[in-house]
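Everything on this sheet refers to the single structure shown next.
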Amino acid sequence: MESIVKLILVFCGLIAIVVLLPNILVLSSTGVFNASQPAMDNLGTVNAAAAQTGPTGLVAISFDGGATFNEAQIADGVAQNILTIKSRGGEGGRASERVFYAGTDHGLLMSKDNGLTWHTWTDLEKNIDANTAIYDIEFDPYTDAIFVAAVKNGFGIVWRSEDNFMTIQSIWSEPKMPAYALALHDGYVLIGLADGRVLNYDPDLNTFAKLISFNSAVRRLKGTFTNDVVAMLENGDIYRSTSPAEAWTKIQSTGGVTQSFLPFFGPSVPKSFGIAIDTLSPSAYYLARSNGLFRSDDRGDTWNLVNSILPNGAVIDSVAAHGGNLYVTSGSKLYESSDGDVSWKIKEPLATKKRLAPIYITGSGSIVVVGTRL
């Protein structure tokens, strides 16, 4: 009887070894049974940090006006299309207190080290998440308010934050109606929608009013120091208004433009892809179209071709201007001119063949940021 009990115990011991041995080996390899290895909690932190290494080739930043670029580090997140880049805070070099924000098709990226490292950011209630496409961001220069135009789960949304995205409040929402563009004008927030409407939001009264309905989606809204608001529509039309509640003037039309801006007729009507207003010379507009790059020195009344460098038929993805310095992206290349299109420099800020768009320039002109799209 005793021998039978011993055999049973030996048999059970063998089974336990077979069952537990893989776990023992795994635990040993993680360092739990090795005093020289980190403890399990520390190991988990190390692995989590490694897993948070984000996608590459998304953002490049220059601290010398575009002369040289550095690839920014994305600390976490998934591959994203950069839809807009904005910033606010102190000017200066790498050590300034400027905070950068990037709206993407998978949420919000934020950099608090002057654009060198970017992290996925969400508010405390996680309203902004990977299912959120952020198309535009605007800052009220007189308060701490931040406004965001976005799309999430089939709803167009405009959010307002008073505490740098720690918390956000939905001030407008509509199903199947993307909010693409924002602009500030006389203390109001203008909102461009996918059905062509431009809404006017009064932050003090928390009320909305429709200003106009265009016949195409409003993809961009830009305010200027001359109190103009410029709207670019999805069909390529451009409108300007000094009193958005009263009148809008179509500035991209055959009437009043120079011959170099034609043709507008025929089966292939040129479309507009981007518009820039020089931040220091607000009467200077630059328009990227499928048939070239154009400049206006009279707020869009007349135009001239300034495309002396881009290949014929090149698709211009984005354009920006600051104090006479012009920046244009086409494919993975950045074209820069500091003398009004007389001479150009061609750069590839990132070691990638992704399209460069958008471009953002800080108020001093010293910091230039470009993002990519897949």
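Labels for the structure tokens follow display order: chains A, B, ..., residues from 1 in each chain, ligands from 1.
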
Contact table range 269-336 of chain A vs range 208-223 of chain A, cut-off 12 Å, shortest pair per residue, only C-alpha atoms, as JSON lines:
```
{"residue": "A:Ser272", "atom": "CA", "partner": "A:Arg219", "partner_atom": "CA", "distance": 10.8}
{"residue": "A:Phe273", "atom": "CA", "partner": "A:Arg219", "partner_atom": "CA", "distance": 9.6}
{"residue": "A:Gly274", "atom": "CA", "partner": "A:Arg220", "partner_atom": "CA", "distance": 8.4}
{"residue": "A:Ile275", "atom": "CA", "partner": "A:Arg220", "partner_atom": "CA", "distance": 8.4}
{"residue": "A:Ala276", "atom": "CA", "partner": "A:Lys222", "partner_atom": "CA", "distance": 8.3}
{"residue": "A:Ile277", "atom": "CA", "partner": "A:Lys222", "partner_atom": "CA", "distance": 8.0}
{"residue": "A:Asp278", "atom": "CA", "partner": "A:Lys222", "partner_atom": "CA", "distance": 11.1}
{"residue": "A:Thr279", "atom": "CA", "partner": "A:Gly223", "partner_atom": "CA", "distance": 10.1}
{"residue": "A:Pro282", "atom": "CA", "partner": "A:Gly223", "partner_atom": "CA", "distance": 9.6}
{"residue": "A:Ser283", "atom": "CA", "partner": "A:Gly223", "partner_atom": "CA", "distance": 11.8}
{"residue": "A:Tyr285", "atom": "CA", "partner": "A:Lys222", "partner_atom": "CA", "distance": 11.0}
```

(Q) as a ChimeraX atom specification, please: every residue in range 120-180 of chain A that a backbone DSSP assignment puts in strand (DSSP E or B). (A) /A:120-121,132-139,146-152,155-161,169-175,179-180

Mind dumping the selected residues with C-alpha atoms as a PDB file, in the first residue's frame?
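Now in part16.pdb:
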```pdb
ATOM      1  CA  THR A 120      -1.232  61.681 -28.263  1.00  0.00           C
ATOM      2  CA  TRP A 121      -3.473  63.845 -26.097  1.00  0.00           C
ATOM      3  CA  THR A 132     -11.741  61.743 -33.954  1.00  0.00           C
ATOM      4  CA  ALA A 133     -10.597  63.667 -37.045  1.00  0.00           C
ATOM      5  CA  ILE A 134      -9.515  67.181 -36.086  1.00  0.00           C
ATOM      6  CA  TYR A 135      -9.597  69.533 -39.067  1.00  0.00           C
ATOM      7  CA  ASP A 136      -8.931  72.911 -37.508  1.00  0.00           C
ATOM      8  CA  ILE A 137      -7.890  74.582 -34.244  1.00  0.00           C
ATOM      9  CA  GLU A 138      -8.236  78.250 -33.310  1.00  0.00           C
ATOM     10  CA  PHE A 139      -7.135  80.184 -30.220  1.00  0.00           C
ATOM     11  CA  ILE A 146      -9.414  76.959 -27.722  1.00  0.00           C
ATOM     12  CA  PHE A 147     -11.903  75.966 -30.442  1.00  0.00           C
ATOM     13  CA  VAL A 148     -11.739  72.722 -32.398  1.00  0.00           C
ATOM     14  CA  ALA A 149     -13.560  71.682 -35.595  1.00  0.00           C
ATOM     15  CA  ALA A 150     -13.842  67.927 -35.806  1.00  0.00           C
ATOM     16  CA  VAL A 151     -15.692  64.809 -36.921  1.00  0.00           C
ATOM     17  CA  LYS A 152     -16.329  61.863 -34.617  1.00  0.00           C
ATOM     18  CA  PHE A 155     -21.057  63.675 -36.178  1.00  0.00           C
ATOM     19  CA  GLY A 156     -19.586  67.056 -36.947  1.00  0.00           C
ATOM     20  CA  ILE A 157     -18.501  68.663 -33.685  1.00  0.00           C
ATOM     21  CA  VAL A 158     -17.112  71.982 -32.491  1.00  0.00           C
ATOM     22  CA  TRP A 159     -15.478  71.831 -29.076  1.00  0.00           C
ATOM     23  CA  ARG A 160     -14.402  74.593 -26.734  1.00  0.00           C
ATOM     24  CA  SER A 161     -11.730  74.232 -24.055  1.00  0.00           C
ATOM     25  CA  GLN A 169     -17.290  71.258 -24.045  1.00  0.00           C
ATOM     26  CA  SER A 170     -19.300  70.496 -27.169  1.00  0.00           C
ATOM     27  CA  ILE A 171     -20.823  73.786 -28.333  1.00  0.00           C
ATOM     28  CA  TRP A 172     -22.179  72.491 -31.653  1.00  0.00           C
ATOM     29  CA  SER A 173     -22.909  69.063 -33.105  1.00  0.00           C
ATOM     30  CA  GLU A 174     -24.811  67.762 -36.129  1.00  0.00           C
ATOM     31  CA  PRO A 175     -24.996  64.261 -37.637  1.00  0.00           C
ATOM     32  CA  ALA A 179     -16.974  70.843 -39.429  1.00  0.00           C
ATOM     33  CA  TYR A 180     -13.896  71.597 -41.517  1.00  0.00           C
TER      34      TYR A 180
END
```

**Q.** Separation of CA of Trp248 in chain A from CA of Gly196 in chain A in Å
**A.** 13.2 Å

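The shortest atom-to-atom distance to Ala245 in chain A, with only C-alpha atoms taken into account, belongs to A:Asn200 out of A:Thr207, A:Thr56, A:Asn200, A:Ser281.
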
(Q) Here is a test: counting only C-alpha atoms, which residue of A:Leu58, A:Leu83, A:Ile346, A:Ile251 is nearest to Glu71 in chain A? (A) A:Leu58

Q) Can you list, as a list in words, every protein, DNA or RNA residue that comes within 12 Å of Gly363 in chain A when you count only C-alpha atoms, leaving out same-chain residues fewer than 4 positions away? A)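 In the requested form, the answer reads Gly65, Lys86, Ser87, Arg88, Gly89, Gly90, Glu91, Gly92, Arg98, Asp278, Thr279, Leu280, Ala321, His322, Gly323, Ile367 and Val368 of chain A.
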
Show which residues sit within 12 Å of Gly66 in chain A, as a PDB file with all heavy atoms, in the first residue's frame. Count only C-alpha atoms, and ignore same-chain residues fewer than 5 positions away.
```pdb
ATOM      1  N   ALA A  60       8.207  67.442 -39.204  1.00  0.00           N
ATOM      2  CA  ALA A  60       9.568  67.981 -39.193  1.00  0.00           C
ATOM      3  C   ALA A  60       9.492  69.424 -38.741  1.00  0.00           C
ATOM      4  O   ALA A  60       8.542  70.145 -39.049  1.00  0.00           O
ATOM      5  CB  ALA A  60      10.207  67.878 -40.572  1.00  0.00           C
ATOM      6  N   ILE A  61      10.524  69.880 -38.014  1.00  0.00           N
ATOM      7  CA  ILE A  61      10.517  71.229 -37.462  1.00  0.00           C
ATOM      8  C   ILE A  61      11.847  71.914 -37.733  1.00  0.00           C
ATOM      9  O   ILE A  61      12.915  71.283 -37.673  1.00  0.00           O
ATOM     10  CB  ILE A  61      10.203  71.210 -35.951  1.00  0.00           C
ATOM     11  CG1 ILE A  61      10.066  72.640 -35.416  1.00  0.00           C
ATOM     12  CG2 ILE A  61      11.244  70.416 -35.165  1.00  0.00           C
ATOM     13  CD1 ILE A  61       9.426  72.704 -34.037  1.00  0.00           C
ATOM     14  N   ALA A 320       2.339  78.423 -47.719  1.00  0.00           N
ATOM     15  CA  ALA A 320       2.354  79.319 -46.571  1.00  0.00           C
ATOM     16  C   ALA A 320       3.285  80.482 -46.887  1.00  0.00           C
ATOM     17  O   ALA A 320       4.236  80.345 -47.668  1.00  0.00           O
ATOM     18  CB  ALA A 320       2.811  78.592 -45.307  1.00  0.00           C
ATOM     19  N   ALA A 321       3.019  81.637 -46.284  1.00  0.00           N
ATOM     20  CA  ALA A 321       3.826  82.829 -46.541  1.00  0.00           C
ATOM     21  C   ALA A 321       3.990  83.625 -45.264  1.00  0.00           C
ATOM     22  O   ALA A 321       3.077  83.710 -44.441  1.00  0.00           O
ATOM     23  CB  ALA A 321       3.167  83.696 -47.618  1.00  0.00           C
ATOM     24  N   HIS A 322       5.168  84.240 -45.117  1.00  0.00           N
ATOM     25  CA  HIS A 322       5.451  85.055 -43.925  1.00  0.00           C
ATOM     26  C   HIS A 322       6.504  86.089 -44.288  1.00  0.00           C
ATOM     27  O   HIS A 322       7.651  85.740 -44.587  1.00  0.00           O
ATOM     28  CB  HIS A 322       5.958  84.170 -42.784  1.00  0.00           C
ATOM     29  CG  HIS A 322       6.261  84.943 -41.534  1.00  0.00           C
ATOM     30  ND1 HIS A 322       5.306  85.236 -40.588  1.00  0.00           N
ATOM     31  CD2 HIS A 322       7.412  85.495 -41.080  1.00  0.00           C
ATOM     32  CE1 HIS A 322       5.845  85.924 -39.605  1.00  0.00           C
ATOM     33  NE2 HIS A 322       7.127  86.099 -39.880  1.00  0.00           N
ATOM     34  N   ASN A 325       8.550  85.597 -47.372  1.00  0.00           N
ATOM     35  CA  ASN A 325       9.083  84.248 -47.512  1.00  0.00           C
ATOM     36  C   ASN A 325       7.945  83.302 -47.899  1.00  0.00           C
ATOM     37  O   ASN A 325       6.888  83.306 -47.265  1.00  0.00           O
ATOM     38  CB  ASN A 325       9.732  83.765 -46.216  1.00  0.00           C
ATOM     39  CG  ASN A 325      10.946  84.590 -45.848  1.00  0.00           C
ATOM     40  OD1 ASN A 325      11.771  84.912 -46.702  1.00  0.00           O
ATOM     41  ND2 ASN A 325      11.057  84.949 -44.577  1.00  0.00           N
ATOM     42  N   LEU A 326       8.176  82.505 -48.925  1.00  0.00           N
ATOM     43  CA  LEU A 326       7.140  81.639 -49.465  1.00  0.00           C
ATOM     44  C   LEU A 326       7.555  80.185 -49.325  1.00  0.00           C
ATOM     45  O   LEU A 326       8.711  79.820 -49.616  1.00  0.00           O
ATOM     46  CB  LEU A 326       6.911  81.981 -50.943  1.00  0.00           C
ATOM     47  CG  LEU A 326       5.810  81.240 -51.694  1.00  0.00           C
ATOM     48  CD1 LEU A 326       4.456  81.468 -51.035  1.00  0.00           C
ATOM     49  CD2 LEU A 326       5.780  81.691 -53.146  1.00  0.00           C
ATOM     50  N   TYR A 327       6.624  79.360 -48.849  1.00  0.00           N
ATOM     51  CA  TYR A 327       6.870  77.930 -48.656  1.00  0.00           C
ATOM     52  C   TYR A 327       5.776  77.148 -49.391  1.00  0.00           C
ATOM     53  O   TYR A 327       4.592  77.411 -49.195  1.00  0.00           O
ATOM     54  CB  TYR A 327       6.849  77.564 -47.173  1.00  0.00           C
ATOM     55  CG  TYR A 327       7.824  78.353 -46.323  1.00  0.00           C
ATOM     56  CD1 TYR A 327       7.482  79.611 -45.836  1.00  0.00           C
ATOM     57  CD2 TYR A 327       9.077  77.843 -46.010  1.00  0.00           C
ATOM     58  CE1 TYR A 327       8.370  80.346 -45.061  1.00  0.00           C
ATOM     59  CE2 TYR A 327       9.963  78.565 -45.226  1.00  0.00           C
ATOM     60  CZ  TYR A 327       9.605  79.819 -44.752  1.00  0.00           C
ATOM     61  OH  TYR A 327      10.485  80.530 -43.982  1.00  0.00           O
ATOM     62  N   VAL A 328       6.184  76.200 -50.211  1.00  0.00           N
ATOM     63  CA  VAL A 328       5.246  75.409 -51.000  1.00  0.00           C
ATOM     64  C   VAL A 328       5.659  73.950 -50.911  1.00  0.00           C
ATOM     65  O   VAL A 328       6.855  73.627 -50.978  1.00  0.00           O
ATOM     66  CB  VAL A 328       5.254  75.859 -52.479  1.00  0.00           C
ATOM     67  CG1 VAL A 328       4.327  74.986 -53.313  1.00  0.00           C
ATOM     68  CG2 VAL A 328       4.856  77.321 -52.603  1.00  0.00           C
ATOM     69  N   LEU A 334       9.842  70.325 -50.226  1.00  0.00           N
ATOM     70  CA  LEU A 334       9.479  71.663 -49.760  1.00  0.00           C
ATOM     71  C   LEU A 334      10.253  72.677 -50.587  1.00  0.00           C
ATOM     72  O   LEU A 334      11.488  72.639 -50.655  1.00  0.00           O
ATOM     73  CB  LEU A 334       9.808  71.825 -48.276  1.00  0.00           C
ATOM     74  CG  LEU A 334       9.582  73.215 -47.677  1.00  0.00           C
ATOM     75  CD1 LEU A 334       8.092  73.534 -47.618  1.00  0.00           C
ATOM     76  CD2 LEU A 334      10.195  73.312 -46.284  1.00  0.00           C
ATOM     77  N   TYR A 335       9.528  73.599 -51.221  1.00  0.00           N
ATOM     78  CA  TYR A 335      10.135  74.659 -52.028  1.00  0.00           C
ATOM     79  C   TYR A 335      10.067  75.966 -51.234  1.00  0.00           C
ATOM     80  O   TYR A 335       8.998  76.349 -50.766  1.00  0.00           O
ATOM     81  CB  TYR A 335       9.388  74.811 -53.354  1.00  0.00           C
ATOM     82  CG  TYR A 335       9.418  73.572 -54.222  1.00  0.00           C
ATOM     83  CD1 TYR A 335       8.566  72.505 -53.983  1.00  0.00           C
ATOM     84  CD2 TYR A 335      10.311  73.471 -55.293  1.00  0.00           C
ATOM     85  CE1 TYR A 335       8.592  71.366 -54.780  1.00  0.00           C
ATOM     86  CE2 TYR A 335      10.341  72.346 -56.104  1.00  0.00           C
ATOM     87  CZ  TYR A 335       9.482  71.294 -55.835  1.00  0.00           C
ATOM     88  OH  TYR A 335       9.510  70.164 -56.625  1.00  0.00           O
ATOM     89  N   GLU A 336      11.220  76.632 -51.103  1.00  0.00           N
ATOM     90  CA  GLU A 336      11.294  77.850 -50.313  1.00  0.00           C
ATOM     91  C   GLU A 336      11.859  78.991 -51.150  1.00  0.00           C
ATOM     92  O   GLU A 336      12.846  78.817 -51.873  1.00  0.00           O
ATOM     93  CB  GLU A 336      12.206  77.661 -49.093  1.00  0.00           C
ATOM     94  CG  GLU A 336      11.776  76.563 -48.142  1.00  0.00           C
ATOM     95  CD  GLU A 336      12.771  76.406 -47.009  1.00  0.00           C
ATOM     96  OE1 GLU A 336      13.642  77.285 -46.862  1.00  0.00           O
ATOM     97  OE2 GLU A 336      12.684  75.415 -46.278  1.00  0.00           O
ATOM     98  N   SER A 337      11.236  80.161 -51.043  1.00  0.00           N
ATOM     99  CA  SER A 337      11.745  81.363 -51.681  1.00  0.00           C
ATOM    100  C   SER A 337      11.693  82.510 -50.694  1.00  0.00           C
ATOM    101  O   SER A 337      10.675  82.728 -50.040  1.00  0.00           O
ATOM    102  CB  SER A 337      10.925  81.713 -52.929  1.00  0.00           C
ATOM    103  OG  SER A 337      11.373  82.940 -53.488  1.00  0.00           O
ATOM    104  N   SER A 338      12.784  83.255 -50.580  1.00  0.00           N
ATOM    105  CA  SER A 338      12.844  84.414 -49.684  1.00  0.00           C
ATOM    106  C   SER A 338      12.905  85.722 -50.452  1.00  0.00           C
ATOM    107  O   SER A 338      13.090  86.781 -49.843  1.00  0.00           O
ATOM    108  CB  SER A 338      14.067  84.302 -48.763  1.00  0.00           C
ATOM    109  OG  SER A 338      15.266  84.234 -49.523  1.00  0.00           O
ATOM    110  N   LYS A 345      14.920  77.353 -53.063  1.00  0.00           N
ATOM    111  CA  LYS A 345      15.660  76.233 -52.502  1.00  0.00           C
ATOM    112  C   LYS A 345      14.697  75.056 -52.371  1.00  0.00           C
ATOM    113  O   LYS A 345      13.542  75.237 -52.005  1.00  0.00           O
ATOM    114  CB  LYS A 345      16.251  76.587 -51.130  1.00  0.00           C
ATOM    115  CG  LYS A 345      17.278  77.707 -51.169  1.00  0.00           C
ATOM    116  CD  LYS A 345      17.772  78.030 -49.773  1.00  0.00           C
ATOM    117  CE  LYS A 345      18.776  79.177 -49.821  1.00  0.00           C
ATOM    118  NZ  LYS A 345      19.254  79.547 -48.451  1.00  0.00           N
ATOM    119  N   ILE A 346      15.202  73.888 -52.685  1.00  0.00           N
ATOM    120  CA  ILE A 346      14.374  72.678 -52.636  1.00  0.00           C
ATOM    121  C   ILE A 346      14.918  71.773 -51.550  1.00  0.00           C
ATOM    122  O   ILE A 346      16.111  71.456 -51.524  1.00  0.00           O
ATOM    123  CB  ILE A 346      14.368  71.948 -53.992  1.00  0.00           C
ATOM    124  CG1 ILE A 346      13.945  72.902 -55.112  1.00  0.00           C
ATOM    125  CG2 ILE A 346      13.432  70.738 -53.938  1.00  0.00           C
ATOM    126  CD1 ILE A 346      14.030  72.284 -56.490  1.00  0.00           C
ATOM    127  N   LYS A 347      14.041  71.348 -50.636  1.00  0.00           N
ATOM    128  CA  LYS A 347      14.446  70.499 -49.520  1.00  0.00           C
ATOM    129  C   LYS A 347      13.508  69.306 -49.388  1.00  0.00           C
ATOM    130  O   LYS A 347      12.372  69.341 -49.866  1.00  0.00           O
ATOM    131  CB  LYS A 347      14.432  71.288 -48.204  1.00  0.00           C
ATOM    132  CG  LYS A 347      15.400  72.465 -48.160  1.00  0.00           C
ATOM    133  CD  LYS A 347      15.356  73.114 -46.789  1.00  0.00           C
ATOM    134  CE  LYS A 347      16.445  74.170 -46.667  1.00  0.00           C
ATOM    135  NZ  LYS A 347      16.219  75.307 -47.571  1.00  0.00           N
ATOM    136  N   GLU A 348      14.003  68.284 -48.733  1.00  0.00           N
ATOM    137  CA  GLU A 348      13.180  67.157 -48.307  1.00  0.00           C
ATOM    138  C   GLU A 348      13.331  67.054 -46.796  1.00  0.00           C
ATOM    139  O   GLU A 348      14.269  66.421 -46.308  1.00  0.00           O
ATOM    140  CB  GLU A 348      13.589  65.863 -49.019  1.00  0.00           C
ATOM    141  CG  GLU A 348      13.291  65.880 -50.503  1.00  0.00           C
ATOM    142  CD  GLU A 348      13.420  64.518 -51.158  1.00  0.00           C
ATOM    143  OE1 GLU A 348      12.478  63.711 -51.042  1.00  0.00           O
ATOM    144  OE2 GLU A 348      14.462  64.279 -51.777  1.00  0.00           O
ATOM    145  N   PRO A 349      12.437  67.701 -46.039  1.00  0.00           N
ATOM    146  CA  PRO A 349      12.593  67.781 -44.586  1.00  0.00           C
ATOM    147  C   PRO A 349      12.582  66.435 -43.878  1.00  0.00           C
ATOM    148  O   PRO A 349      13.111  66.316 -42.773  1.00  0.00           O
ATOM    149  CB  PRO A 349      11.390  68.637 -44.150  1.00  0.00           C
ATOM    150  CG  PRO A 349      10.990  69.374 -45.377  1.00  0.00           C
ATOM    151  CD  PRO A 349      11.272  68.459 -46.510  1.00  0.00           C
ATOM    152  N   ILE A 359       1.711  73.177 -43.746  1.00  0.00           N
ATOM    153  CA  ILE A 359       2.851  73.971 -43.297  1.00  0.00           C
ATOM    154  C   ILE A 359       2.360  74.951 -42.238  1.00  0.00           C
ATOM    155  O   ILE A 359       1.286  75.528 -42.378  1.00  0.00           O
ATOM    156  CB  ILE A 359       3.477  74.786 -44.444  1.00  0.00           C
ATOM    157  CG1 ILE A 359       3.754  73.908 -45.665  1.00  0.00           C
ATOM    158  CG2 ILE A 359       4.756  75.474 -43.986  1.00  0.00           C
ATOM    159  CD1 ILE A 359       4.137  74.708 -46.894  1.00  0.00           C
ATOM    160  N   TYR A 360       3.171  75.139 -41.194  1.00  0.00           N
ATOM    161  CA  TYR A 360       2.819  76.124 -40.170  1.00  0.00           C
ATOM    162  C   TYR A 360       4.056  76.964 -39.856  1.00  0.00           C
ATOM    163  O   TYR A 360       5.165  76.425 -39.715  1.00  0.00           O
ATOM    164  CB  TYR A 360       2.325  75.441 -38.895  1.00  0.00           C
ATOM    165  CG  TYR A 360       2.041  76.421 -37.779  1.00  0.00           C
ATOM    166  CD1 TYR A 360       0.899  77.218 -37.806  1.00  0.00           C
ATOM    167  CD2 TYR A 360       2.931  76.577 -36.718  1.00  0.00           C
ATOM    168  CE1 TYR A 360       0.645  78.141 -36.803  1.00  0.00           C
ATOM    169  CE2 TYR A 360       2.683  77.491 -35.709  1.00  0.00           C
ATOM    170  CZ  TYR A 360       1.534  78.268 -35.755  1.00  0.00           C
ATOM    171  OH  TYR A 360       1.301  79.189 -34.775  1.00  0.00           O
ATOM    172  N   ILE A 361       3.872  78.278 -39.749  1.00  0.00           N
ATOM    173  CA  ILE A 361       4.960  79.207 -39.440  1.00  0.00           C
ATOM    174  C   ILE A 361       4.572  80.009 -38.209  1.00  0.00           C
ATOM    175  O   ILE A 361       3.465  80.549 -38.133  1.00  0.00           O
ATOM    176  CB  ILE A 361       5.226  80.178 -40.605  1.00  0.00           C
ATOM    177  CG1 ILE A 361       5.401  79.405 -41.915  1.00  0.00           C
ATOM    178  CG2 ILE A 361       6.465  81.024 -40.334  1.00  0.00           C
ATOM    179  CD1 ILE A 361       5.431  80.302 -43.140  1.00  0.00           C
ATOM    180  N   THR A 362       5.465  80.105 -37.237  1.00  0.00           N
ATOM    181  CA  THR A 362       5.165  80.889 -36.041  1.00  0.00           C
ATOM    182  C   THR A 362       5.233  82.376 -36.359  1.00  0.00           C
ATOM    183  O   THR A 362       5.732  82.795 -37.408  1.00  0.00           O
ATOM    184  CB  THR A 362       6.150  80.567 -34.907  1.00  0.00           C
ATOM    185  OG1 THR A 362       7.478  80.844 -35.356  1.00  0.00           O
ATOM    186  CG2 THR A 362       6.047  79.111 -34.497  1.00  0.00           C
ATOM    187  N   GLY A 365       8.411  83.898 -37.542  1.00  0.00           N
ATOM    188  CA  GLY A 365       8.928  83.359 -38.785  1.00  0.00           C
ATOM    189  C   GLY A 365      10.110  82.442 -38.611  1.00  0.00           C
ATOM    190  O   GLY A 365      10.586  81.833 -39.589  1.00  0.00           O
ATOM    191  N   SER A 366      10.617  82.309 -37.395  1.00  0.00           N
ATOM    192  CA  SER A 366      11.841  81.502 -37.191  1.00  0.00           C
ATOM    193  C   SER A 366      11.538  80.005 -37.155  1.00  0.00           C
ATOM    194  O   SER A 366      12.397  79.194 -37.514  1.00  0.00           O
ATOM    195  CB  SER A 366      12.527  81.920 -35.898  1.00  0.00           C
ATOM    196  OG  SER A 366      11.671  81.713 -34.770  1.00  0.00           O
ATOM    197  N   ILE A 367      10.334  79.633 -36.701  1.00  0.00           N
ATOM    198  CA  ILE A 367       9.997  78.210 -36.587  1.00  0.00           C
ATOM    199  C   ILE A 367       9.024  77.835 -37.699  1.00  0.00           C
ATOM    200  O   ILE A 367       7.977  78.459 -37.857  1.00  0.00           O
ATOM    201  CB  ILE A 367       9.393  77.887 -35.216  1.00  0.00           C
ATOM    202  CG1 ILE A 367      10.379  78.253 -34.102  1.00  0.00           C
ATOM    203  CG2 ILE A 367       9.017  76.420 -35.120  1.00  0.00           C
ATOM    204  CD1 ILE A 367       9.864  78.002 -32.703  1.00  0.00           C
ATOM    205  N   VAL A 368       9.410  76.831 -38.477  1.00  0.00           N
ATOM    206  CA  VAL A 368       8.582  76.311 -39.564  1.00  0.00           C
ATOM    207  C   VAL A 368       8.347  74.825 -39.287  1.00  0.00           C
ATOM    208  O   VAL A 368       9.283  74.077 -39.029  1.00  0.00           O
ATOM    209  CB  VAL A 368       9.257  76.500 -40.929  1.00  0.00           C
ATOM    210  CG1 VAL A 368       8.373  75.955 -42.048  1.00  0.00           C
ATOM    211  CG2 VAL A 368       9.596  77.965 -41.169  1.00  0.00           C
ATOM    212  N   VAL A 369       7.078  74.413 -39.347  1.00  0.00           N
ATOM    213  CA  VAL A 369       6.718  73.021 -39.077  1.00  0.00           C
ATOM    214  C   VAL A 369       5.945  72.485 -40.282  1.00  0.00           C
ATOM    215  O   VAL A 369       5.070  73.152 -40.816  1.00  0.00           O
ATOM    216  CB  VAL A 369       5.851  72.897 -37.812  1.00  0.00           C
ATOM    217  CG1 VAL A 369       5.671  71.427 -37.431  1.00  0.00           C
ATOM    218  CG2 VAL A 369       6.459  73.668 -36.649  1.00  0.00           C
ATOM    219  N   VAL A 370       6.297  71.277 -40.698  1.00  0.00           N
ATOM    220  CA  VAL A 370       5.544  70.615 -41.766  1.00  0.00           C
ATOM    221  C   VAL A 370       5.097  69.241 -41.267  1.00  0.00           C
ATOM    222  O   VAL A 370       5.801  68.591 -40.503  1.00  0.00           O
ATOM    223  CB  VAL A 370       6.384  70.459 -43.054  1.00  0.00           C
ATOM    224  CG1 VAL A 370       6.673  71.800 -43.683  1.00  0.00           C
ATOM    225  CG2 VAL A 370       7.679  69.710 -42.781  1.00  0.00           C
TER     226      VAL A 370
END
```

Q.
Report, in Å to a single decimal, how far apart CA of Ala79 in chain A and CA of Ile128 in chain A are.
A. 16.5 Å

Q: Point out the residue among A:Ala183, A:Gly77, A:Lys250, A:Lys333 with the least atom-to-atom distance to Thr302 in chain A, counting only C-alpha atoms.
A: A:Lys250

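With only C-alpha atoms as the atoms that count, the minimum distance from Asp129 in chain A to the choices A:Gly103, A:Gly340, A:Gly324, A:Gly115 is reached by A:Gly103.
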